[in-house]
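Data file: structure12.json. Format and content: JSON, C-alpha atoms and all ligand atoms.
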```
[["chain", "number", "residue", "atom", "x", "y", "z"],
["A", 1, "MET", "CA", 0.00, 0.00, 0.00],
["A", 2, "THR", "CA", 1.15, 3.55, -0.66],
["A", 3, "GLN", "CA", 1.60, 6.03, 2.18],
["A", 4, "ASP", "CA", -1.54, 7.86, 1.04],
["A", 5, "GLU", "CA", -3.55, 4.61, 1.10],
["A", 6, "LEU", "CA", -2.34, 3.98, 4.67],
["A", 7, "LYS", "CA", -3.32, 7.53, 5.66],
["A", 8, "LYS", "CA", -6.75, 7.07, 4.14],
["A", 9, "ALA", "CA", -7.19, 3.73, 5.93],
["A", 10, "VAL", "CA", -6.46, 5.24, 9.35],
["A", 11, "ALA", "CA", -8.70, 8.22, 8.64],
["A", 12, "LYS", "CA", -11.53, 5.79, 7.83],
["A", 13, "ALA", "CA", -10.75, 3.81, 11.01],
["A", 14, "ALA", "CA", -11.04, 7.00, 13.10],
["A", 15, "MET", "CA", -14.38, 7.79, 11.49],
["A", 16, "ASP", "CA", -15.61, 4.25, 12.17],
["A", 17, "HIS", "CA", -14.47, 4.66, 15.79],
["A", 18, "ILE", "CA", -16.38, 7.87, 16.49],
["A", 19, "ALA", "CA", -19.40, 7.42, 14.21],
["A", 20, "PRO", "CA", -21.44, 5.36, 16.72],
["A", 21, "HIS", "CA", -20.96, 8.12, 19.34],
["A", 22, "LEU", "CA", -22.13, 11.08, 17.23],
["A", 23, "ASN", "CA", -25.28, 12.97, 18.06],
["A", 24, "ARG", "CA", -26.83, 16.28, 16.97],
["A", 25, "LYS", "CA", -24.90, 18.16, 19.69],
["A", 26, "SER", "CA", -21.47, 16.64, 18.99],
["A", 27, "VAL", "CA", -18.61, 18.96, 18.09],
["A", 28, "ILE", "CA", -15.46, 17.27, 16.76],
["A", 29, "GLY", "CA", -11.93, 18.65, 17.03],
["A", 30, "VAL", "CA", -10.10, 18.31, 13.75],
["A", 31, "GLY", "CA", -6.35, 18.45, 13.14],
["A", 32, "THR", "CA", -4.17, 19.62, 10.28],
["A", 33, "GLY", "CA", -2.27, 17.89, 7.48],
["A", 34, "SER", "CA", -2.78, 15.32, 4.76],
["A", 35, "THR", "CA", -3.97, 12.54, 7.10],
["A", 36, "ALA", "CA", -6.40, 14.89, 8.84],
["A", 37, "ASN", "CA", -7.63, 15.98, 5.40],
["A", 38, "PHE", "CA", -8.63, 12.39, 4.60],
["A", 39, "PHE", "CA", -10.49, 12.33, 7.92],
["A", 40, "ILE", "CA", -12.34, 15.55, 7.06],
["A", 41, "ASP", "CA", -13.49, 14.01, 3.79],
["A", 42, "PHE", "CA", -14.94, 10.99, 5.65],
["A", 43, "LEU", "CA", -16.47, 13.27, 8.30],
["A", 44, "ALA", "CA", -18.36, 15.11, 5.55],
["A", 45, "ASP", "CA", -20.43, 11.96, 4.90],
["A", 46, "TYR", "CA", -21.81, 12.30, 8.46],
["A", 47, "LYS", "CA", -22.40, 16.06, 8.44],
["A", 48, "ASN", "CA", -26.10, 15.72, 9.24],
["A", 49, "GLU", "CA", -25.37, 13.57, 12.30],
["A", 50, "PHE", "CA", -23.33, 16.07, 14.34],
["A", 51, "ASP", "CA", -23.32, 19.79, 15.13],
["A", 52, "GLY", "CA", -19.97, 20.95, 13.79],
["A", 53, "ALA", "CA", -16.21, 21.06, 14.27],
["A", 54, "VAL", "CA", -13.39, 23.02, 15.87],
["A", 55, "ALA", "CA", -10.42, 23.46, 13.53],
["A", 56, "SER", "CA", -6.74, 23.46, 14.50],
["A", 57, "SER", "CA", -5.77, 25.71, 11.57],
["A", 58, "GLU", "CA", -7.16, 28.09, 8.98],
["A", 59, "ALA", "CA", -6.50, 25.47, 6.27],
["A", 60, "THR", "CA", -8.57, 22.89, 8.15],
["A", 61, "ALA", "CA", -11.35, 25.40, 8.76],
["A", 62, "GLU", "CA", -11.49, 26.12, 5.03],
["A", 63, "ARG", "CA", -11.68, 22.41, 4.14],
["A", 64, "LEU", "CA", -14.41, 21.80, 6.72],
["A", 65, "LYS", "CA", -16.43, 24.76, 5.46],
["A", 66, "GLY", "CA", -15.93, 23.59, 1.90],
["A", 67, "HIS", "CA", -17.78, 20.42, 2.87],
["A", 68, "GLY", "CA", -20.56, 22.45, 4.51],
["A", 69, "ILE", "CA", -19.49, 21.51, 8.06],
["A", 70, "PRO", "CA", -20.03, 24.40, 10.54],
["A", 71, "VAL", "CA", -16.78, 25.54, 12.22],
["A", 72, "TYR", "CA", -16.93, 26.85, 15.80],
["A", 73, "ASP", "CA", -14.56, 29.01, 17.81],
["A", 74, "LEU", "CA", -13.16, 26.82, 20.60],
["A", 75, "ASN", "CA", -14.26, 29.43, 23.15],
["A", 76, "ALA", "CA", -17.87, 28.81, 22.19],
["A", 77, "ILE", "CA", -17.63, 25.11, 23.01],
["A", 78, "ASP", "CA", -18.19, 23.58, 26.45],
["A", 79, "GLU", "CA", -17.16, 20.03, 25.66],
["A", 80, "LEU", "CA", -15.11, 18.34, 23.00],
["A", 81, "GLU", "CA", -15.38, 14.58, 23.10],
["A", 82, "TYR", "CA", -12.92, 13.80, 20.29],
["A", 83, "TYR", "CA", -9.89, 15.37, 18.66],
["A", 84, "VAL", "CA", -8.57, 13.58, 15.57],
["A", 85, "ASP", "CA", -5.17, 14.52, 14.14],
["A", 86, "GLY", "CA", -2.05, 13.17, 12.48],
["A", 87, "ALA", "CA", 1.54, 13.33, 13.73],
["A", 88, "ASP", "CA", 5.07, 13.57, 12.43],
["A", 89, "GLU", "CA", 6.35, 10.96, 14.90],
["A", 90, "THR", "CA", 4.89, 8.79, 17.65],
["A", 91, "ASN", "CA", 6.53, 6.48, 20.15],
["A", 92, "GLU", "CA", 5.03, 3.46, 21.92],
["A", 93, "ARG", "CA", 3.66, 5.65, 24.74],
["A", 94, "LEU", "CA", 1.79, 7.78, 22.16],
["A", 95, "GLU", "CA", 4.00, 10.79, 22.88],
["A", 96, "LEU", "CA", 4.19, 12.73, 19.63],
["A", 97, "ILE", "CA", 6.12, 15.22, 17.59],
["A", 98, "LYS", "CA", 3.74, 17.49, 15.68],
["A", 99, "GLY", "CA", 3.98, 20.76, 13.81],
["A", 100, "GLY", "CA", 5.37, 19.72, 10.44],
["A", 101, "GLY", "CA", 2.49, 21.79, 9.06],
["A", 102, "ALA", "CA", 3.22, 24.68, 11.49],
["A", 103, "ALA", "CA", -0.15, 24.29, 13.25],
["A", 104, "LEU", "CA", 1.28, 22.93, 16.53],
["A", 105, "THR", "CA", -0.01, 25.62, 18.91],
["A", 106, "ARG", "CA", -3.66, 25.44, 17.92],
["A", 107, "GLU", "CA", -3.34, 21.63, 17.71],
["A", 108, "LYS", "CA", -2.03, 21.52, 21.27],
["A", 109, "ILE", "CA", -4.83, 23.76, 22.50],
["A", 110, "VAL", "CA", -7.57, 21.65, 20.91],
["A", 111, "ALA", "CA", -5.90, 18.45, 22.15],
["A", 112, "ALA", "CA", -5.80, 19.91, 25.69],
["A", 113, "VAL", "CA", -9.56, 20.48, 25.65],
["A", 114, "ALA", "CA", -10.58, 17.18, 24.06],
["A", 115, "LYS", "CA", -11.52, 14.23, 26.24],
["A", 116, "THR", "CA", -10.13, 11.75, 23.72],
["A", 117, "PHE", "CA", -7.27, 12.48, 21.35],
["A", 118, "ILE", "CA", -7.16, 9.99, 18.50],
["A", 119, "CYS", "CA", -3.89, 10.09, 16.57],
["A", 120, "ILE", "CA", -3.99, 8.76, 13.01],
["A", 121, "ALA", "CA", -0.70, 7.93, 11.32],
["A", 122, "ASP", "CA", 0.91, 5.63, 8.81],
["A", 123, "GLU", "CA", 3.57, 3.24, 10.07],
["A", 124, "SER", "CA", 6.48, 5.44, 8.87],
["A", 125, "LYS", "CA", 5.67, 7.74, 11.82],
["A", 126, "LYS", "CA", 6.26, 5.11, 14.52],
["A", 127, "VAL", "CA", 9.69, 5.37, 16.18],
["A", 128, "ASP", "CA", 11.42, 4.02, 19.30],
["A", 129, "ILE", "CA", 12.83, 7.39, 20.34],
["A", 130, "LEU", "CA", 11.40, 10.72, 19.18],
["A", 131, "GLY", "CA", 13.64, 13.23, 17.44],
["A", 132, "ALA", "CA", 14.69, 12.05, 13.98],
["A", 133, "PHE", "CA", 11.99, 14.44, 12.77],
["A", 134, "PRO", "CA", 13.16, 17.99, 13.63],
["A", 135, "LEU", "CA", 11.15, 19.35, 16.56],
["A", 136, "PRO", "CA", 9.06, 22.42, 15.55],
["A", 137, "VAL", "CA", 8.87, 25.37, 17.94],
["A", 138, "GLU", "CA", 6.53, 28.33, 17.45],
["A", 139, "VAL", "CA", 8.32, 31.53, 18.44],
["A", 140, "ILE", "CA", 7.39, 35.21, 18.77],
["A", 141, "PRO", "CA", 9.33, 36.86, 15.89],
["A", 142, "MET", "CA", 11.37, 39.32, 18.02],
["A", 143, "ALA", "CA", 12.64, 36.42, 20.18],
["A", 144, "ARG", "CA", 14.06, 34.40, 17.28],
["A", 145, "SER", "CA", 17.77, 34.88, 18.05],
["A", 146, "HIS", "CA", 17.32, 34.56, 21.80],
["A", 147, "VAL", "CA", 15.36, 31.33, 21.47],
["A", 148, "GLY", "CA", 17.94, 29.99, 19.01],
["A", 149, "ARG", "CA", 20.77, 30.61, 21.49],
["A", 150, "GLU", "CA", 18.83, 28.95, 24.34],
["A", 151, "ILE", "CA", 18.13, 25.90, 22.16],
["A", 152, "VAL", "CA", 21.87, 25.54, 21.48],
["A", 153, "LYS", "CA", 22.44, 25.55, 25.27],
["A", 154, "LEU", "CA", 19.97, 22.64, 25.52],
["A", 155, "GLY", "CA", 21.98, 20.67, 22.96],
["A", 156, "GLY", "CA", 19.85, 21.19, 19.84],
["A", 157, "ASP", "CA", 20.59, 22.72, 16.45],
["A", 158, "PRO", "CA", 17.98, 25.40, 15.69],
["A", 159, "VAL", "CA", 17.01, 26.00, 12.06],
["A", 160, "TYR", "CA", 14.72, 28.90, 11.12],
["A", 161, "ARG", "CA", 11.88, 27.67, 8.85],
["A", 162, "ASP", "CA", 12.23, 30.15, 6.04],
["A", 163, "GLY", "CA", 9.12, 31.76, 4.61],
["A", 164, "VAL", "CA", 6.67, 30.30, 7.12],
["A", 165, "THR", "CA", 4.32, 32.42, 9.25],
["A", 166, "THR", "CA", 1.94, 30.55, 11.53],
["A", 167, "ASP", "CA", -1.80, 31.23, 11.73],
["A", 168, "ASN", "CA", -0.93, 33.17, 14.91],
["A", 169, "GLY", "CA", 1.55, 35.45, 13.10],
["A", 170, "ASN", "CA", 4.68, 33.83, 14.52],
["A", 171, "ILE", "CA", 7.74, 32.02, 13.14],
["A", 172, "ILE", "CA", 8.86, 28.38, 13.37],
["A", 173, "ILE", "CA", 12.27, 27.14, 14.50],
["A", 174, "ASP", "CA", 12.93, 23.44, 13.85],
["A", 175, "ILE", "CA", 15.31, 21.76, 16.30],
["A", 176, "HIS", "CA", 17.61, 19.16, 14.79],
["A", 177, "ASN", "CA", 19.74, 16.59, 16.65],
["A", 178, "MET", "CA", 17.99, 17.04, 20.00],
["A", 179, "ASP", "CA", 18.13, 14.24, 22.57],
["A", 180, "ILE", "CA", 14.44, 13.53, 23.24],
["A", 181, "SER", "CA", 14.86, 10.35, 25.27],
["A", 182, "ARG", "CA", 12.92, 12.14, 28.07],
["A", 183, "PRO", "CA", 10.09, 13.84, 26.15],
["A", 184, "ILE", "CA", 8.18, 15.43, 29.05],
["A", 185, "GLN", "CA", 11.32, 17.08, 30.40],
["A", 186, "VAL", "CA", 12.33, 18.37, 26.96],
["A", 187, "GLU", "CA", 8.81, 19.68, 26.30],
["A", 188, "GLU", "CA", 8.82, 21.62, 29.56],
["A", 189, "ARG", "CA", 12.37, 22.98, 29.16],
["A", 190, "ILE", "CA", 11.73, 24.35, 25.68],
["A", 191, "ASN", "CA", 8.39, 25.85, 26.70],
["A", 192, "ASN", "CA", 10.17, 27.65, 29.53],
["A", 193, "ILE", "CA", 12.32, 29.68, 27.12],
["A", 194, "VAL", "CA", 10.99, 33.24, 27.00],
["A", 195, "GLY", "CA", 9.60, 33.93, 23.53],
["A", 196, "VAL", "CA", 8.52, 30.35, 22.85],
["A", 197, "VAL", "CA", 4.79, 30.04, 22.27],
["A", 198, "THR", "CA", 4.89, 26.27, 22.39],
["A", 199, "ASN", "CA", 6.81, 23.32, 20.96],
["A", 200, "GLY", "CA", 5.62, 20.33, 18.98],
["A", 201, "LEU", "CA", 6.22, 17.71, 21.66],
["A", 202, "PHE", "CA", 2.92, 16.24, 22.82],
["A", 203, "ALA", "CA", 4.25, 14.35, 25.85],
["A", 204, "ARG", "CA", 2.50, 15.97, 28.81],
["A", 205, "ARG", "CA", -0.71, 15.40, 26.89],
["A", 206, "PRO", "CA", -0.04, 12.41, 24.62],
["A", 207, "ALA", "CA", -2.66, 10.83, 22.35],
["A", 208, "ASP", "CA", -5.16, 8.49, 24.00],
["A", 209, "LEU", "CA", -5.51, 6.18, 21.03],
["A", 210, "LEU", "CA", -3.20, 5.59, 18.07],
["A", 211, "LEU", "CA", -4.63, 4.19, 14.87],
["A", 212, "LEU", "CA", -1.55, 3.11, 12.94],
["A", 213, "GLY", "CA", -1.76, 2.21, 9.26],
["A", 214, "THR", "CA", 0.39, -0.82, 8.41],
["A", 215, "SER", "CA", 0.57, -3.13, 5.43],
["A", 216, "GLU", "CA", -1.20, -5.76, 7.59],
["A", 217, "GLY", "CA", -4.08, -3.40, 8.38],
["A", 218, "VAL", "CA", -4.87, -0.69, 10.92],
["A", 219, "LYS", "CA", -3.43, -1.38, 14.38],
["A", 220, "SER", "CA", -5.12, 0.12, 17.43],
["A", 221, "ILE", "CA", -2.70, 1.15, 20.24],
["A", 222, "PRO", "CA", -3.17, 0.63, 23.14],
["B", 1, "LIG", "C1", 0.61, 19.73, 11.35],
["B", 1, "LIG", "C2", 0.86, 18.40, 11.97],
["B", 1, "LIG", "C3", 0.51, 17.20, 11.18],
["B", 1, "LIG", "O1", -0.33, 16.40, 11.95],
["B", 1, "LIG", "C4", 1.76, 16.43, 10.86],
["B", 1, "LIG", "O2", 2.66, 17.29, 10.18],
["B", 1, "LIG", "C5", 1.45, 15.20, 9.99],
["B", 1, "LIG", "O3", 1.06, 15.61, 8.72],
["B", 1, "LIG", "P1", 0.61, 14.57, 7.62],
["B", 1, "LIG", "O4", -0.68, 13.95, 8.06],
["B", 1, "LIG", "O5", 0.47, 15.43, 6.38],
["B", 1, "LIG", "O6", 1.70, 13.54, 7.45],
["B", 1, "LIG", "O7", 1.35, 18.30, 13.07],
["B", 1, "LIG", "O8", 1.10, 20.79, 12.13]]
```

If you took the structure in this file and wrote it as structure tokens, what would it be?
Amino acid sequence: MTQDELKKAVAKAAMDHIAPHLNRKSVIGVGTGSTANFFIDFLADYKNEFDGAVASSEATAERLKGHGIPVYDLNAIDELEYYVDGADETNERLELIKGGGAALTREKIVAAVAKTFICIADESKKVDILGAFPLPVEVIPMARSHVGREIVKLGGDPVYRDGVTTDNGNIIIDIHNMDISRPIQVEERINNIVGVVTNGLFARRPADLLLLGTSEGVKSIP
């Protein structure tokens, strides 16, 4: 199977997982990226069976609206049962690296509110130790050099993501060669640097369920 076929298979599996729990009041949190896009397309088939969605990016909001799915501001929502999103890397404990699409901050906020975070990913994303994928950090523009220097002190190699402005008007620094054998500690240390909005480690709030697309079918972890 191609990577896209695996992404589509896990998106369908996520839809099958939540479909029995939908009702007219349900609002679904929706992530960003190509895997999340497949999920949005499946979600559209159920648009008359739930209320609407909260989007983790402007791009996702546009795709949802394009399907006629109402998009709500997160502040208008009391409860979010499910958040469905992809990842750039996941380990066995469902700690993730996210932010390849620069949407990490809004993704982390929606994940924090959701009761159940379902991560959908093809098997290329599963690793023993996080960090081969450069760790994205959203940074306030005027703090770029300061944050870069602090990252070097932590042992990482910061690389400015040229030409990218986040939906929040900030920049992205990708950290290469960082030791992420202790993900919670690294997440907290980077978030403590003044000028960092957040980083793409989802370790304090990992996914609750991983649907992993493999050539033998979709594996459900745990
Ligand atoms: C966006 C993300 C995405 O979930 C991550 O980059 C995976 O993308 P894709 O599903 O296209 O492989 O974190 O900020």

Near-range 114-131 of chain A list (6 Å; all atoms listed in the file; drop same-chain fewer than 6 positions) as an MDAnalysis selection string: chainID A and resid 6:7 10 80:86 88:91 180 207:214

Using 9 Å as the limit and counting only C-alpha atoms and all ligand atoms, can you tabulate each residue of chain A that touches ligand LIG 1 (chain B), with its shortest atom-to-atom distance in Å and the two atoms involved, as a tab-separated table?
```
residue	atom	partner	partner_atom	distance
A:Lys7	CA	B:LIG1	O4	7.3
A:Gly31	CA	B:LIG1	O1	6.5
A:Thr32	CA	B:LIG1	C1	4.9
A:Gly33	CA	B:LIG1	O5	3.8
A:Ser34	CA	B:LIG1	O5	3.6
A:Thr35	CA	B:LIG1	O4	3.7
A:Ala36	CA	B:LIG1	O4	5.8
A:Asn37	CA	B:LIG1	O4	7.7
A:Phe38	CA	B:LIG1	O4	8.8
A:Ser56	CA	B:LIG1	O8	8.6
A:Ser57	CA	B:LIG1	O8	8.5
A:Asp85	CA	B:LIG1	O1	5.6
A:Gly86	CA	B:LIG1	O1	3.7
A:Ala87	CA	B:LIG1	O1	4.0
A:Asp88	CA	B:LIG1	C4	4.6
A:Glu89	CA	B:LIG1	C5	8.1
A:Ile97	CA	B:LIG1	O7	7.3
A:Lys98	CA	B:LIG1	O7	3.6
A:Gly99	CA	B:LIG1	O8	3.3
A:Gly100	CA	B:LIG1	O2	3.6
A:Gly101	CA	B:LIG1	O8	3.5
A:Ala102	CA	B:LIG1	O8	4.5
A:Ala103	CA	B:LIG1	O8	3.9
A:Leu104	CA	B:LIG1	O8	4.9
A:Thr105	CA	B:LIG1	O8	8.4
A:Arg106	CA	B:LIG1	O8	8.8
A:Glu107	CA	B:LIG1	O8	7.2
A:Cys119	CA	B:LIG1	O1	8.6
A:Ile120	CA	B:LIG1	O4	7.9
A:Ala121	CA	B:LIG1	O4	6.8
A:Asp122	CA	B:LIG1	O6	8.1
A:Lys125	CA	B:LIG1	O6	8.3
A:Pro136	CA	B:LIG1	O8	8.8
A:Gly200	CA	B:LIG1	O7	7.6
```

Near-range 146-152 of chain A list (7 Å; only C-alpha atoms; drop same-chain fewer than 4 positions) as a PyMOL selection string: chain A and resi 156-158+193+195

With distances taken over only C-alpha atoms, which residue among A:Ile40, A:Val27, A:Ile173, A:Met1 lies nearest Ala143 in chain A?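 Checking each of A:Ile40, A:Val27, A:Ile173, A:Met1 against Ala143 in chain A, counting only C-alpha atoms, the winner is A:Ile173.
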
Rounded to one decimal place, report the CA of Tyr160 in chain A-CA of Arg204 in chain A distance in Å.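 Calculated distance between CA of Tyr160 in chain A and CA of Arg204 in chain A is 25.1 Å.
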
Distance criterion (only C-alpha atoms): nearest to Pro141 in chain A out of A:Ala55, A:Val30, A:Ile109, A:Val197: A:Val197

Nearest to Lys47 in chain A among A:Ala19, A:Ala59, A:Leu74, A:Leu154, with distances taken over all atoms listed in the file: which residue is it? A:Ala19

For each of A:Leu43, A:Glu5, A:Asn191, A:Ile28, take the minimum atom-to-atom distance to Val71 in chain A, counting only C-alpha atoms, then give the residue where this is smallest.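 Ranked by minimum distance to Val71 in chain A, first place goes to A:Ile28.
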
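Separating CA of His21 in chain A from CA of Leu96 in chain A is a distance of 25.6 Å.
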
Quick check, in Å to one decimal: how far apart do CA of Pro222 in chain A and CA of Arg205 in chain A lie?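 Spanning CA of Pro222 in chain A to CA of Arg205 in chain A is a straight-line distance of 15.4 Å.
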
At a cut-off of 8 Å around the point (-22.0, 22.5, 11.2) (file coordinates), what residues fall inside when counting all atoms listed in the file? I'd like the answer as a list of chain:residue names.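 Result, sorted by chain then residue number: A:Lys47, A:Phe50, A:Asp51, A:Gly52, A:Ala53, A:Gly68, A:Ile69, A:Pro70, A:Val71.
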
Between A:Met178, A:Ala14, A:Asp4, A:Pro183, which has the minimum distance to Val218 in chain A (counting all atoms listed in the file)?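 Among A:Met178, A:Ala14, A:Asp4, A:Pro183, it is A:Ala14 that comes nearest to Val218 in chain A.
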
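Across A:Lys12, A:Lys25, A:Arg93, A:Thr2, the tightest approach to Ile221 in chain A is made by A:Arg93 when counting all atoms listed in the file.
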
May I have the residues within 10 Å of Asn170 in chain A as a ChimeraX atom specification, using all atoms listed in the file and disregarding those fewer than 5 positions away in the same chain? /A:102,138-142,144,164-165,196-197
